[in-house]
file query16.cif (mmCIF, C-alpha atoms and all ligand atoms)
data_target
loop_
_atom_site.label_atom_id
_atom_site.label_comp_id
_atom_site.auth_asym_id
_atom_site.auth_seq_id
_atom_site.Cartn_x
_atom_site.Cartn_y
_atom_site.Cartn_z
CA MET I 27 -13.22 -101.23 -32.28
CA SER I 28 -13.70 -104.01 -29.78
CA LYS I 29 -12.24 -103.19 -26.38
CA GLU I 30 -9.50 -105.42 -24.99
CA LYS I 31 -10.71 -106.75 -21.65
CA CYS I 32 -8.65 -104.90 -19.14
CA ASN I 33 -9.24 -103.38 -15.77
CA PRO I 34 -7.89 -99.82 -15.75
CA TYR I 35 -7.36 -99.88 -11.98
CA GLU I 36 -5.21 -103.03 -12.28
CA ASN I 37 -3.26 -101.25 -15.03
CA MET I 38 -2.70 -98.30 -12.70
CA LEU I 39 -1.55 -100.57 -9.85
CA ALA I 40 0.93 -102.37 -12.10
CA MET I 41 2.50 -99.03 -13.06
CA LEU I 42 2.50 -97.84 -9.46
CA ASP I 43 4.28 -100.97 -8.21
CA LYS I 44 6.92 -100.68 -10.93
CA ALA I 45 7.51 -96.99 -10.20
CA ALA I 46 7.83 -97.75 -6.48
CA GLU I 47 10.42 -100.42 -7.24
CA LYS I 48 12.42 -98.03 -9.43
CA LEU I 49 12.34 -95.42 -6.67
CA GLY I 50 13.52 -98.00 -4.16
CA LEU I 51 10.40 -97.56 -2.00
CA GLU I 52 9.44 -100.22 0.53
CA TYR I 53 5.88 -101.61 0.22
CA ASP I 54 5.00 -99.85 3.48
CA ASP I 55 6.06 -96.48 2.04
CA TYR I 56 3.31 -96.46 -0.56
CA VAL I 57 0.81 -99.26 0.20
CA GLY I 58 -1.82 -96.66 1.21
CA LEU I 59 -1.73 -95.33 -2.34
CA ARG I 60 -2.80 -98.69 -3.75
CA TYR I 61 -6.29 -98.09 -2.28
CA PRO I 62 -8.64 -95.13 -2.77
CA GLU I 63 -9.23 -93.25 0.49
CA ARG I 64 -12.99 -93.13 0.00
CA GLU I 65 -15.45 -94.71 -2.47
CA LEU I 66 -19.00 -93.47 -2.70
CA THR I 67 -21.65 -95.17 -4.84
CA VAL I 68 -24.96 -93.37 -5.18
CA SER I 69 -28.35 -94.14 -6.72
CA VAL I 70 -29.62 -91.13 -8.59
CA PRO I 71 -33.37 -91.10 -9.25
CA VAL I 72 -34.44 -88.89 -12.13
CA GLU I 73 -37.90 -88.17 -13.41
CA MET I 74 -37.58 -88.42 -17.19
CA ASP I 75 -39.49 -86.18 -19.61
CA ASN I 76 -42.02 -88.97 -20.21
CA GLY I 77 -42.89 -88.99 -16.50
CA LYS I 78 -41.12 -92.31 -15.81
CA LYS I 79 -38.55 -92.64 -13.04
CA VAL I 80 -35.06 -93.96 -13.86
CA ILE I 81 -32.42 -94.75 -11.24
CA PHE I 82 -28.91 -94.00 -12.47
CA GLN I 83 -25.76 -95.34 -10.84
CA GLY I 84 -23.25 -92.67 -9.84
CA TYR I 85 -19.84 -92.60 -8.16
CA ARG I 86 -17.40 -90.23 -6.50
CA ILE I 87 -14.05 -91.75 -5.63
CA GLN I 88 -11.42 -89.91 -3.61
CA HIS I 89 -8.12 -91.58 -4.22
CA SER I 90 -5.85 -89.32 -2.18
CA SER I 91 -6.00 -86.12 -0.15
CA THR I 92 -2.39 -86.37 0.97
CA ARG I 93 -1.15 -83.28 -0.89
CA GLY I 94 -4.35 -81.23 -0.68
CA PRO I 95 -8.08 -81.33 -1.44
CA CYS I 96 -9.18 -84.10 -3.79
CA LYS I 97 -9.61 -82.91 -7.38
CA GLY I 98 -11.02 -84.36 -10.55
CA GLY I 99 -13.77 -84.37 -13.13
CA VAL I 100 -17.18 -85.95 -13.45
CA ARG I 101 -18.04 -87.96 -16.55
CA TYR I 102 -21.34 -89.06 -18.01
CA HIS I 103 -20.90 -92.18 -20.13
CA PRO I 104 -22.42 -95.66 -20.54
CA SER I 105 -19.05 -97.29 -19.73
CA VAL I 106 -18.75 -95.63 -16.30
CA ASP I 107 -18.24 -98.20 -13.54
CA LEU I 108 -16.51 -98.39 -10.19
CA GLU I 109 -13.18 -99.72 -11.52
CA GLU I 110 -12.99 -97.08 -14.24
CA VAL I 111 -13.73 -94.23 -11.84
CA LYS I 112 -11.20 -95.62 -9.31
CA ALA I 113 -8.48 -95.62 -11.97
CA LEU I 114 -9.41 -92.14 -13.14
CA ALA I 115 -9.29 -90.89 -9.52
CA ALA I 116 -5.82 -92.35 -8.99
CA TRP I 117 -4.58 -90.86 -12.26
CA MET I 118 -5.72 -87.46 -10.96
CA THR I 119 -3.50 -87.93 -7.89
CA TRP I 120 -0.50 -88.64 -10.12
CA LYS I 121 -1.39 -85.87 -12.56
CA CYS I 122 -1.66 -83.20 -9.86
CA ALA I 123 1.63 -84.38 -8.38
CA VAL I 124 3.48 -84.38 -11.74
CA VAL I 125 2.58 -80.73 -12.30
CA ASN I 126 3.15 -80.05 -8.61
CA ILE I 127 -0.15 -78.40 -7.70
CA PRO I 128 -1.41 -78.81 -4.12
CA TYR I 129 -4.21 -81.28 -4.79
CA GLY I 130 -4.94 -84.94 -4.31
CA GLY I 131 -7.00 -86.94 -6.79
CA ALA I 132 -10.67 -87.81 -7.23
CA LYS I 133 -13.12 -88.62 -9.98
CA GLY I 134 -16.85 -88.97 -10.38
CA GLY I 135 -19.15 -90.42 -12.94
CA VAL I 136 -22.69 -91.37 -13.77
CA LYS I 137 -23.50 -94.33 -15.98
CA CYS I 138 -25.86 -92.88 -18.57
CA GLU I 139 -26.25 -92.10 -22.25
CA PRO I 140 -26.20 -88.30 -22.29
CA GLU I 141 -26.74 -87.97 -26.05
CA LYS I 142 -30.11 -89.71 -25.61
CA MET I 143 -31.19 -87.38 -22.79
CA SER I 144 -32.80 -83.95 -23.02
CA GLU I 145 -31.23 -80.87 -21.44
CA ASN I 146 -33.88 -80.94 -18.71
CA GLU I 147 -33.16 -84.58 -17.91
CA LEU I 148 -29.42 -83.85 -17.74
CA ARG I 149 -30.09 -80.91 -15.43
CA ARG I 150 -32.22 -83.02 -13.08
CA LEU I 151 -29.63 -85.82 -13.16
CA THR I 152 -26.82 -83.36 -12.36
CA ARG I 153 -28.67 -81.70 -9.50
CA ARG I 154 -29.65 -84.95 -7.84
CA TYR I 155 -26.18 -86.47 -8.33
CA THR I 156 -24.68 -83.32 -6.72
CA ALA I 157 -27.07 -83.59 -3.78
CA MET I 158 -26.11 -87.25 -3.34
CA ILE I 159 -22.35 -86.59 -3.25
CA LEU I 160 -22.73 -83.32 -1.31
CA PRO I 161 -21.49 -84.71 2.03
CA ILE I 162 -18.03 -85.38 0.59
CA ILE I 163 -17.46 -82.41 -1.77
CA GLY I 164 -16.61 -78.77 -1.10
CA PRO I 165 -13.81 -76.26 -1.82
CA GLU I 166 -11.66 -77.63 0.98
CA LYS I 167 -12.61 -81.28 0.48
CA ASP I 168 -13.09 -82.32 -3.10
CA ILE I 169 -13.63 -80.14 -6.17
CA PRO I 170 -15.34 -81.63 -9.26
CA ALA I 171 -14.75 -80.36 -12.83
CA PRO I 172 -15.82 -81.25 -16.37
CA ASP I 173 -14.75 -84.51 -17.99
CA VAL I 174 -16.16 -86.67 -20.81
CA ASN I 175 -19.69 -85.42 -21.75
CA THR I 176 -19.87 -82.80 -19.00
CA ASN I 177 -19.23 -79.09 -19.53
CA ALA I 178 -19.44 -75.60 -18.04
CA GLN I 179 -23.27 -75.76 -17.90
CA VAL I 180 -23.15 -79.00 -15.91
CA MET I 181 -20.67 -77.33 -13.53
CA ALA I 182 -23.05 -74.34 -13.18
CA TRP I 183 -25.86 -76.71 -12.11
CA MET I 184 -23.52 -78.41 -9.65
CA MET I 185 -22.36 -75.09 -8.21
CA ASP I 186 -25.95 -73.82 -7.93
CA THR I 187 -27.20 -77.01 -6.26
CA PHE I 188 -24.36 -77.02 -3.74
CA SER I 189 -24.80 -73.28 -3.05
CA MET I 190 -28.59 -73.53 -2.60
CA LEU I 191 -28.19 -76.36 -0.11
CA LYS I 192 -25.51 -74.41 1.80
CA GLY I 193 -27.47 -71.16 1.69
CA TYR I 194 -24.76 -69.00 0.10
CA ALA I 195 -22.76 -68.88 -3.15
CA VAL I 196 -19.82 -71.29 -3.16
CA PRO I 197 -18.06 -70.82 -6.51
CA GLY I 198 -14.97 -72.80 -5.40
CA VAL I 199 -16.90 -76.10 -5.11
CA VAL I 200 -16.37 -76.83 -8.82
CA THR I 201 -14.02 -75.64 -11.55
CA GLY I 202 -14.64 -75.32 -15.27
CA LYS I 203 -17.68 -73.14 -14.54
CA PRO I 204 -18.95 -70.45 -16.92
CA VAL I 205 -16.91 -67.25 -16.52
CA ASP I 206 -20.06 -65.36 -15.45
CA ILE I 207 -20.26 -67.29 -12.19
CA GLY I 208 -16.59 -67.43 -11.27
CA GLY I 209 -15.13 -69.60 -14.01
CA SER I 210 -11.60 -68.81 -15.14
CA LEU I 211 -10.65 -67.27 -18.45
CA GLY I 212 -8.69 -69.86 -20.43
CA ARG I 213 -10.14 -72.87 -18.59
CA ALA I 214 -12.26 -74.18 -21.49
CA GLU I 215 -9.19 -74.41 -23.78
CA ALA I 216 -6.69 -75.31 -21.05
CA THR I 217 -6.38 -79.07 -21.63
CA GLY I 218 -5.94 -78.61 -25.39
CA ARG I 219 -3.49 -75.75 -24.81
CA GLY I 220 -1.50 -77.91 -22.38
CA VAL I 221 -1.36 -80.67 -25.01
CA MET I 222 -0.01 -78.11 -27.50
CA PHE I 223 2.73 -77.01 -25.05
CA THR I 224 3.62 -80.67 -24.47
CA VAL I 225 3.92 -81.35 -28.20
CA LEU I 226 6.17 -78.29 -28.57
CA ASN I 227 8.29 -79.48 -25.64
CA ILE I 228 8.79 -82.97 -27.01
CA ILE I 229 9.69 -81.85 -30.54
CA ASP I 230 12.07 -79.32 -29.05
CA LYS I 231 13.88 -82.10 -27.16
CA LEU I 232 14.05 -84.11 -30.39
CA LYS I 233 15.29 -81.02 -32.29
CA LEU I 234 12.38 -81.20 -34.74
CA GLU I 235 10.47 -78.35 -36.41
CA ALA I 236 6.68 -78.00 -36.19
CA ASN I 237 6.31 -76.90 -39.80
CA GLY I 238 4.94 -79.70 -41.94
CA MET I 239 4.93 -82.38 -39.23
CA SER I 240 1.79 -84.48 -39.56
CA ILE I 241 -0.62 -85.20 -36.73
CA ALA I 242 -3.70 -87.41 -36.27
CA VAL I 243 -6.09 -86.64 -33.42
CA GLN I 244 -8.65 -89.12 -32.09
CA GLY I 245 -11.49 -87.23 -30.38
CA PHE I 246 -12.61 -83.79 -31.48
CA GLY I 247 -14.22 -82.28 -28.40
CA ASN I 248 -12.94 -79.80 -25.90
CA VAL I 249 -9.55 -81.51 -25.73
CA GLY I 250 -8.82 -82.97 -29.18
CA GLY I 251 -10.57 -80.23 -31.14
CA VAL I 252 -8.87 -77.39 -29.29
CA ALA I 253 -5.47 -79.12 -29.37
CA ALA I 254 -5.83 -79.68 -33.14
CA MET I 255 -6.64 -76.00 -33.75
CA LEU I 256 -3.81 -74.70 -31.57
CA LEU I 257 -1.33 -77.14 -33.15
CA ALA I 258 -2.42 -76.12 -36.66
CA GLU I 259 -1.70 -72.50 -35.66
CA GLN I 260 1.83 -73.62 -34.73
CA GLY I 261 2.40 -74.97 -38.26
CA PHE I 262 1.60 -78.67 -37.78
CA LYS I 263 -0.46 -80.41 -40.48
CA ILE I 264 -3.52 -82.10 -38.97
CA VAL I 265 -4.14 -84.92 -41.44
CA GLY I 266 -6.59 -87.01 -39.43
CA ILE I 267 -9.40 -86.19 -37.01
CA SER I 268 -12.22 -88.26 -35.55
CA ASP I 269 -15.03 -88.38 -33.05
CA ALA I 270 -17.71 -90.89 -32.08
CA SER I 271 -19.52 -90.24 -35.39
CA CYS I 272 -16.71 -90.63 -37.97
CA ALA I 273 -12.98 -90.40 -38.79
CA LEU I 274 -11.59 -88.18 -41.55
CA TYR I 275 -8.28 -88.11 -43.42
CA LYS I 276 -6.74 -85.57 -45.77
CA LYS I 277 -3.09 -85.83 -46.77
CA GLU I 278 -2.65 -82.07 -47.31
CA GLY I 279 -4.12 -81.26 -43.91
CA ILE I 280 -7.67 -80.60 -42.73
CA ASP I 281 -8.98 -77.09 -42.03
CA VAL I 282 -9.57 -77.92 -38.37
CA LYS I 283 -11.00 -74.53 -37.49
CA SER I 284 -13.77 -74.95 -40.00
CA ALA I 285 -14.31 -78.59 -38.89
CA PHE I 286 -14.61 -77.38 -35.29
CA GLU I 287 -17.16 -74.71 -36.30
CA PHE I 288 -19.12 -77.34 -38.23
CA ALA I 289 -19.21 -79.73 -35.27
CA LYS I 290 -20.31 -76.92 -32.95
CA ASN I 291 -23.44 -76.45 -35.05
CA ASN I 292 -23.98 -80.17 -35.65
CA ASN I 293 -24.68 -81.56 -32.21
CA ARG I 294 -20.90 -81.53 -31.57
CA LEU I 295 -20.40 -84.20 -34.25
CA LEU I 296 -18.13 -84.26 -37.31
CA LYS I 297 -20.45 -86.50 -39.36
CA GLY I 298 -21.34 -84.66 -42.55
CA TYR I 299 -18.28 -82.38 -42.57
CA GLU I 300 -16.80 -82.21 -46.06
CA GLU I 301 -13.64 -80.89 -47.71
CA PRO I 302 -12.21 -81.56 -51.18
CA GLU I 303 -9.78 -84.53 -51.20
CA MET I 304 -10.85 -85.55 -47.68
CA VAL I 305 -11.91 -89.17 -47.21
CA GLU I 306 -13.74 -91.02 -44.46
CA ILE I 307 -11.76 -93.80 -42.76
CA CYS I 308 -12.53 -95.98 -39.76
CA ASN I 309 -11.46 -95.22 -36.20
CA ASN I 310 -8.77 -97.89 -36.16
CA GLU I 311 -7.33 -96.65 -39.47
CA LEU I 312 -7.02 -93.22 -37.89
CA LEU I 313 -5.03 -94.61 -34.98
CA CYS I 314 -2.77 -96.48 -37.41
CA LEU I 315 -2.10 -93.60 -39.83
CA ASP I 316 1.48 -93.03 -40.96
CA VAL I 317 1.93 -89.71 -39.12
CA ASP I 318 4.65 -88.06 -37.08
CA ILE I 319 2.43 -87.60 -34.01
CA LEU I 320 -0.69 -89.42 -32.85
CA ILE I 321 -2.85 -87.75 -30.22
CA PRO I 322 -5.50 -90.01 -28.68
CA ALA I 323 -7.93 -87.55 -27.09
CA ALA I 324 -11.04 -89.68 -26.53
CA LEU I 325 -11.47 -92.51 -24.04
CA GLU I 326 -9.26 -95.08 -22.31
CA ASN I 327 -8.13 -98.43 -23.78
CA GLN I 328 -7.96 -97.31 -27.41
CA ILE I 329 -4.44 -98.55 -28.15
CA THR I 330 -4.36 -102.19 -27.10
CA LYS I 331 -2.30 -105.28 -27.89
CA LYS I 332 -4.66 -105.81 -30.84
CA ASN I 333 -3.71 -102.66 -32.75
CA ALA I 334 -0.40 -101.59 -31.12
CA HIS I 335 1.63 -103.54 -33.71
CA ASP I 336 -0.02 -101.52 -36.48
CA ILE I 337 0.61 -98.07 -35.01
CA ARG I 338 2.92 -96.13 -37.34
CA ALA I 339 3.19 -92.76 -35.56
CA LYS I 340 6.68 -91.85 -34.30
CA ILE I 341 5.44 -90.02 -31.23
CA ILE I 342 2.23 -90.48 -29.22
CA VAL I 343 0.99 -87.70 -26.95
CA GLU I 344 -1.82 -88.93 -24.71
CA ALA I 345 -4.48 -86.23 -24.41
CA ALA I 346 -7.08 -88.70 -23.08
CA ASN I 347 -6.80 -90.43 -19.73
CA GLY I 348 -5.49 -93.99 -20.06
CA PRO I 349 -5.82 -94.43 -23.84
CA THR I 350 -3.02 -97.04 -23.96
CA THR I 351 -3.11 -100.38 -22.13
CA ASN I 352 0.03 -101.60 -20.35
CA GLU I 353 0.44 -104.42 -22.85
CA ALA I 354 0.21 -101.99 -25.76
CA ASP I 355 2.71 -99.72 -24.03
CA GLU I 356 5.31 -102.50 -24.04
CA ILE I 357 4.72 -103.22 -27.72
CA LEU I 358 5.07 -99.52 -28.62
CA ASP I 359 8.21 -99.25 -26.54
CA LYS I 360 9.79 -102.13 -28.48
CA LYS I 361 8.85 -100.34 -31.70
CA ASN I 362 10.72 -97.27 -30.39
CA ILE I 363 7.60 -95.13 -30.49
CA LEU I 364 8.05 -92.26 -28.06
CA MET I 365 5.12 -92.05 -25.67
CA VAL I 366 4.31 -88.86 -23.75
CA PRO I 367 1.96 -90.04 -20.98
CA ASP I 368 -1.48 -88.73 -20.08
CA ILE I 369 -0.64 -87.65 -16.53
CA LEU I 370 1.82 -85.16 -18.02
CA ALA I 371 0.36 -84.32 -21.43
CA ASN I 372 -3.25 -83.66 -20.45
CA ALA I 373 -2.60 -81.90 -17.13
CA GLY I 374 -3.33 -78.43 -18.55
CA GLY I 375 -7.01 -78.71 -17.61
CA VAL I 376 -6.47 -79.35 -13.96
CA VAL I 377 -3.71 -76.74 -13.80
CA VAL I 378 -6.12 -74.00 -14.91
CA SER I 379 -8.76 -75.58 -12.64
CA TYR I 380 -6.31 -74.90 -9.83
CA PHE I 381 -5.93 -71.27 -11.01
CA GLU I 382 -9.75 -70.99 -11.10
CA TRP I 383 -10.09 -72.31 -7.55
CA VAL I 384 -7.34 -69.97 -6.29
CA GLN I 385 -9.17 -67.02 -7.88
CA ASN I 386 -12.48 -68.17 -6.32
CA GLU I 387 -10.97 -68.55 -2.88
CA GLN I 388 -9.54 -65.01 -3.12
CA TYR I 389 -12.56 -63.49 -4.94
CA PHE I 390 -10.13 -62.26 -7.57
CA MET I 391 -9.97 -62.41 -11.39
CA TRP I 392 -6.83 -62.84 -13.43
CA ASP I 393 -6.60 -61.93 -17.12
CA GLU I 394 -6.27 -64.56 -19.82
CA ASP I 395 -2.69 -63.81 -20.91
CA TYR I 396 -1.55 -64.13 -17.32
CA ILE I 397 -3.30 -67.50 -17.03
CA ASN I 398 -1.97 -68.86 -20.33
CA ASN I 399 1.57 -67.79 -19.41
CA LYS I 400 1.30 -69.34 -15.98
CA LEU I 401 -0.05 -72.55 -17.55
CA LYS I 402 2.93 -72.64 -19.92
CA ASN I 403 5.36 -72.21 -17.01
CA VAL I 404 3.77 -75.08 -15.07
CA MET I 405 3.63 -77.41 -18.11
CA ASP I 406 7.23 -76.61 -19.12
CA LYS I 407 8.53 -77.18 -15.59
CA ALA I 408 6.67 -80.52 -15.31
CA PHE I 409 8.01 -81.61 -18.69
CA GLU I 410 11.58 -80.79 -17.62
CA ASP I 411 11.15 -82.67 -14.31
CA VAL I 412 9.92 -85.77 -16.15
CA TRP I 413 12.49 -85.51 -18.94
CA LYS I 414 15.32 -85.33 -16.40
CA ILE I 415 14.22 -88.55 -14.65
CA HIS I 416 13.70 -90.20 -18.06
CA GLN I 417 17.30 -89.35 -19.04
CA GLU I 418 18.95 -90.06 -15.69
CA ASN I 419 17.28 -93.44 -15.16
CA ASN I 420 16.92 -94.53 -18.77
CA VAL I 421 13.21 -95.21 -18.29
CA SER I 422 10.18 -94.42 -20.46
CA LEU I 423 8.54 -91.02 -20.10
CA ARG I 424 5.53 -92.76 -18.54
CA MET I 425 7.68 -94.44 -15.91
CA ALA I 426 9.51 -91.15 -15.33
CA ALA I 427 6.21 -89.30 -14.82
CA TYR I 428 5.02 -91.94 -12.34
CA MET I 429 8.35 -91.73 -10.52
CA VAL I 430 8.14 -87.93 -10.22
CA ALA I 431 4.53 -88.17 -9.00
CA LEU I 432 4.94 -91.08 -6.62
CA ASP I 433 8.08 -89.62 -5.10
CA ARG I 434 6.17 -86.41 -4.26
CA VAL I 435 3.05 -88.13 -2.90
CA ALA I 436 4.95 -90.78 -0.92
CA ARG I 437 7.14 -88.09 0.65
CA ALA I 438 4.07 -86.07 1.66
CA LYS I 439 2.49 -89.22 3.09
CA LYS I 440 5.55 -89.98 5.14
CA ILE I 441 5.74 -86.44 6.54
CA ARG I 442 2.05 -86.47 7.49
CA GLY I 443 2.21 -89.93 9.07
CA ILE I 444 -0.80 -92.07 9.97
CA PHE I 445 -3.71 -90.80 12.06
CA PRO I 446 -4.25 -91.58 14.94
N1 LIG I 501 -11.27 -83.94 -16.27
C1 LIG I 501 -10.02 -83.29 -16.41
C2 LIG I 501 -8.88 -84.28 -16.24
O1 LIG I 501 -9.06 -85.46 -16.36
C3 LIG I 501 -9.89 -82.06 -15.53
C4 LIG I 501 -9.98 -82.31 -14.07
C5 LIG I 501 -10.04 -81.04 -13.23
O2 LIG I 501 -9.88 -79.96 -13.76
O3 LIG I 501 -10.24 -81.19 -12.03
O4 LIG I 501 -7.76 -83.91 -16.02
#

call {"tool": "encode", "arguments": {"input": "query16.cif", "output": "structure tokens"}}
result
Amino acid sequence: MSKEKCNPYENMLAMLDKAAEKLGLEYDDYVGLRYPERELTVSVPVEMDNGKKVIFQGYRIQHSSTRGPCKGGVRYHPSVDLEEVKALAAWMTWKCAVVNIPYGGAKGGVKCEPEKMSENELRRLTRRYTAMILPIIGPEKDIPAPDVNTNAQVMAWMMDTFSMLKGYAVPGVVTGKPVDIGGSLGRAEATGRGVMFTVLNIIDKLKLEANGMSIAVQGFGNVGGVAAMLLAEQGFKIVGISDASCALYKKEGIDVKSAFEFAKNNNRLLKGYEEPEMVEICNNELLCLDVDILIPAALENQITKKNAHDIRAKIIVEAANGPTTNEADEILDKKNILMVPDILANAGGVVVSYFEWVQNEQYFMWDEDYINNKLKNVMDKAFEDVWKIHQENNVSLRMAAYMVALDRVARAKKIRGIFP
């Protein structure tokens, strides 16, 4: 689908300004939050397997450290650029504030095509990128984590590079690591699990029953795939799934567990997965399926003014960061489609990242049930906070989430004051 031209950082600013107005904030009270605190652009030279040198462009943006160390993932994708990473960093600030964990927001990225690179090339890219951003990261400063096309192995290389250059093991420099080197139980599934809790919370408010409700999920990786499996376990019917390779539809519901297993052994792609009565559709058809709940769990700017009129889902739960443009948001609102925003719905990942970091800093290990229960408590509390503002002020859930977040960050900023 062709992407609507839109700058995600401008989108973020427009929301921020509106939320500030609703909260009755003066421009001075939040102007600092319109700018990232620190923007680092790095050139990352990598010797490719063929012996040639390629210079990749990388970024680490720290949007805010007002409420604590900066926190956010690193993505490897051809569409990575400064404006995208700036928006993603700001969304991390709002996300951490909505769920009320003591972090600010950051994001990193490298513009590359990871699926065309070998494991050795990715390792060399990761190590050199880590070395380049090393002056600004660390457990007390800024803690990277996985995001699009990065995973626990990439975090292990980052942790090892940082530790080697420091001269001692520093597990708390990244989260989403393998459990063997200080990763947290439950972290890999945490974003998908958080999405599942959010879906249960919204249908509970609407007095609906999970059994038989239909869901389409765009994106079938660590977020969409896991969310689909956990939601199927709750009785939802997953009728549509998709990834970069194809989109699939089956009216009676897809066996998502078996689809996930298939993708795991097929270069993480769904292409070639078959089930009786299941048909291949295109990505836009998936987004426009007549379902109860649509879960975009891939990239930003997927629901735009071009396709928003055709969306037929009754509820949208944003598992990706920024999948809906502001213009599309307005169209969906007029169509009375209930939108549960990204900064609330997909916060499960960073919540368990926080638990991982706390365990690292204490050299302690919690068990998985404890973590999953704690995650549920945090997600439920955040949902209630947002729902309350949504009801009291008669605003969308997205506006309510921004209001909850901005109120917390602006208050912290005011208390801290300006240095010097
Ligand atoms: N990349 C994830 C997100 O966008 C997780 C970030 C983290 O755990 O720091 O929320």

call {"tool": "closest_residue", "arguments": {"input": "query16.cif", "among": "I:Gly98, I:Gly209, I:Gly261, I:Gly279", "to": "Met222 (chain I)", "atoms": "only C-alpha atoms"}}
result
I:Gly261

call {"tool": "closest_atom_pairs", "arguments": {"input": "query16.cif", "of": "chain I", "to": "ligand LIG 501 (chain I)", "cutoff": "8 Å", "atoms": "only C-alpha atoms and all ligand atoms", "output": "JSON lines"}}
result
{"residue": "I:Lys97", "atom": "CA", "partner": "I:LIG501", "partner_atom": "O3", "distance": 5.0}
{"residue": "I:Gly98", "atom": "CA", "partner": "I:LIG501", "partner_atom": "O3", "distance": 3.6}
{"residue": "I:Gly99", "atom": "CA", "partner": "I:LIG501", "partner_atom": "N1", "distance": 4.0}
{"residue": "I:Val100", "atom": "CA", "partner": "I:LIG501", "partner_atom": "N1", "distance": 6.8}
{"residue": "I:Arg101", "atom": "CA", "partner": "I:LIG501", "partner_atom": "N1", "distance": 7.9}
{"residue": "I:Leu114", "atom": "CA", "partner": "I:LIG501", "partner_atom": "O1", "distance": 7.4}
{"residue": "I:Met118", "atom": "CA", "partner": "I:LIG501", "partner_atom": "O4", "distance": 6.5}
{"residue": "I:Lys121", "atom": "CA", "partner": "I:LIG501", "partner_atom": "O4", "distance": 7.5}
{"residue": "I:Ile169", "atom": "CA", "partner": "I:LIG501", "partner_atom": "O3", "distance": 6.9}
{"residue": "I:Pro170", "atom": "CA", "partner": "I:LIG501", "partner_atom": "O3", "distance": 5.8}
{"residue": "I:Ala171", "atom": "CA", "partner": "I:LIG501", "partner_atom": "O3", "distance": 4.7}
{"residue": "I:Pro172", "atom": "CA", "partner": "I:LIG501", "partner_atom": "N1", "distance": 5.3}
{"residue": "I:Asp173", "atom": "CA", "partner": "I:LIG501", "partner_atom": "N1", "distance": 3.9}
{"residue": "I:Val174", "atom": "CA", "partner": "I:LIG501", "partner_atom": "N1", "distance": 7.2}
{"residue": "I:Thr201", "atom": "CA", "partner": "I:LIG501", "partner_atom": "O2", "distance": 6.4}
{"residue": "I:Gly202", "atom": "CA", "partner": "I:LIG501", "partner_atom": "O2", "distance": 6.8}
{"residue": "I:Thr217", "atom": "CA", "partner": "I:LIG501", "partner_atom": "O4", "distance": 7.5}
{"residue": "I:Ala346", "atom": "CA", "partner": "I:LIG501", "partner_atom": "O1", "distance": 7.7}
{"residue": "I:Asn347", "atom": "CA", "partner": "I:LIG501", "partner_atom": "O1", "distance": 6.4}
{"residue": "I:Asn372", "atom": "CA", "partner": "I:LIG501", "partner_atom": "O4", "distance": 6.3}
{"residue": "I:Ala373", "atom": "CA", "partner": "I:LIG501", "partner_atom": "O4", "distance": 5.6}
{"residue": "I:Gly374", "atom": "CA", "partner": "I:LIG501", "partner_atom": "O4", "distance": 7.5}
{"residue": "I:Gly375", "atom": "CA", "partner": "I:LIG501", "partner_atom": "C3", "distance": 4.9}
{"residue": "I:Val376", "atom": "CA", "partner": "I:LIG501", "partner_atom": "O2", "distance": 3.5}
{"residue": "I:Val377", "atom": "CA", "partner": "I:LIG501", "partner_atom": "O2", "distance": 7.0}
{"residue": "I:Val378", "atom": "CA", "partner": "I:LIG501", "partner_atom": "O2", "distance": 7.1}
{"residue": "I:Ser379", "atom": "CA", "partner": "I:LIG501", "partner_atom": "O2", "distance": 4.7}
{"residue": "I:Tyr380", "atom": "CA", "partner": "I:LIG501", "partner_atom": "O2", "distance": 7.3}

call {"tool": "closest_atom_pairs", "arguments": {"input": "query16.cif", "of": "region 139-183 of chain I", "to": "region 288-308 of chain I", "cutoff": "12 Å", "atoms": "all atoms listed in the file", "output": "CSV"}}
result
residue,atom,partner,partner_atom,distance
I:Glu141,CA,I:Asn293,CA,9.1
I:Lys142,CA,I:Asn293,CA,11.8
I:Asn175,CA,I:Arg294,CA,10.6

call {"tool": "write_last_selection", "arguments": {"input": "query16.cif", "atoms": "C-alpha atoms", "output": "PDB file, in the frame of the given file"}}
result
ATOM      1  CA  GLU I 141     -26.740 -87.970 -26.050  1.00  0.00           C
ATOM      2  CA  LYS I 142     -30.110 -89.710 -25.610  1.00  0.00           C
ATOM      3  CA  ASN I 175     -19.690 -85.420 -21.750  1.00  0.00           C
TER       4      ASN I 175
END

call {"tool": "closest_residue", "arguments": {"input": "query16.cif", "among": "I:Trp183, I:Tyr194, I:Phe246, I:Tyr428", "to": "Glu47 (chain I)", "atoms": "all atoms listed in the file"}}
result
I:Tyr428

call {"tool": "closest_residue", "arguments": {"input": "query16.cif", "among": "I:Ile321, I:Val124, I:Leu59, I:Ala285", "to": "Trp413 (chain I)", "atoms": "only C-alpha atoms"}}
result
I:Val124

call {"tool": "axis_aligned_box", "arguments": {"input": "query16.cif", "around": "region 381-393 of chain I", "padding_each_side": "3 Å", "output": "AutoDock Vina command-line options"}}
result
--center_x -9.2 --center_y -67.1 --center_z -10.0 --size_x 12.6 --size_y 16.4 --size_z 20.2

call {"tool": "atom_distance", "arguments": {"input": "query16.cif", "atom1": "CA of Lys79 (chain I)", "atom2": "CA of Gln179 (chain I)"}}
result
23.3 Å

call {"tool": "closest_residue", "arguments": {"input": "query16.cif", "among": "I:Val317, I:Val80, I:Ala216, I:Met41", "to": "Ile363 (chain I)", "atoms": "all atoms listed in the file"}}
result
I:Val317
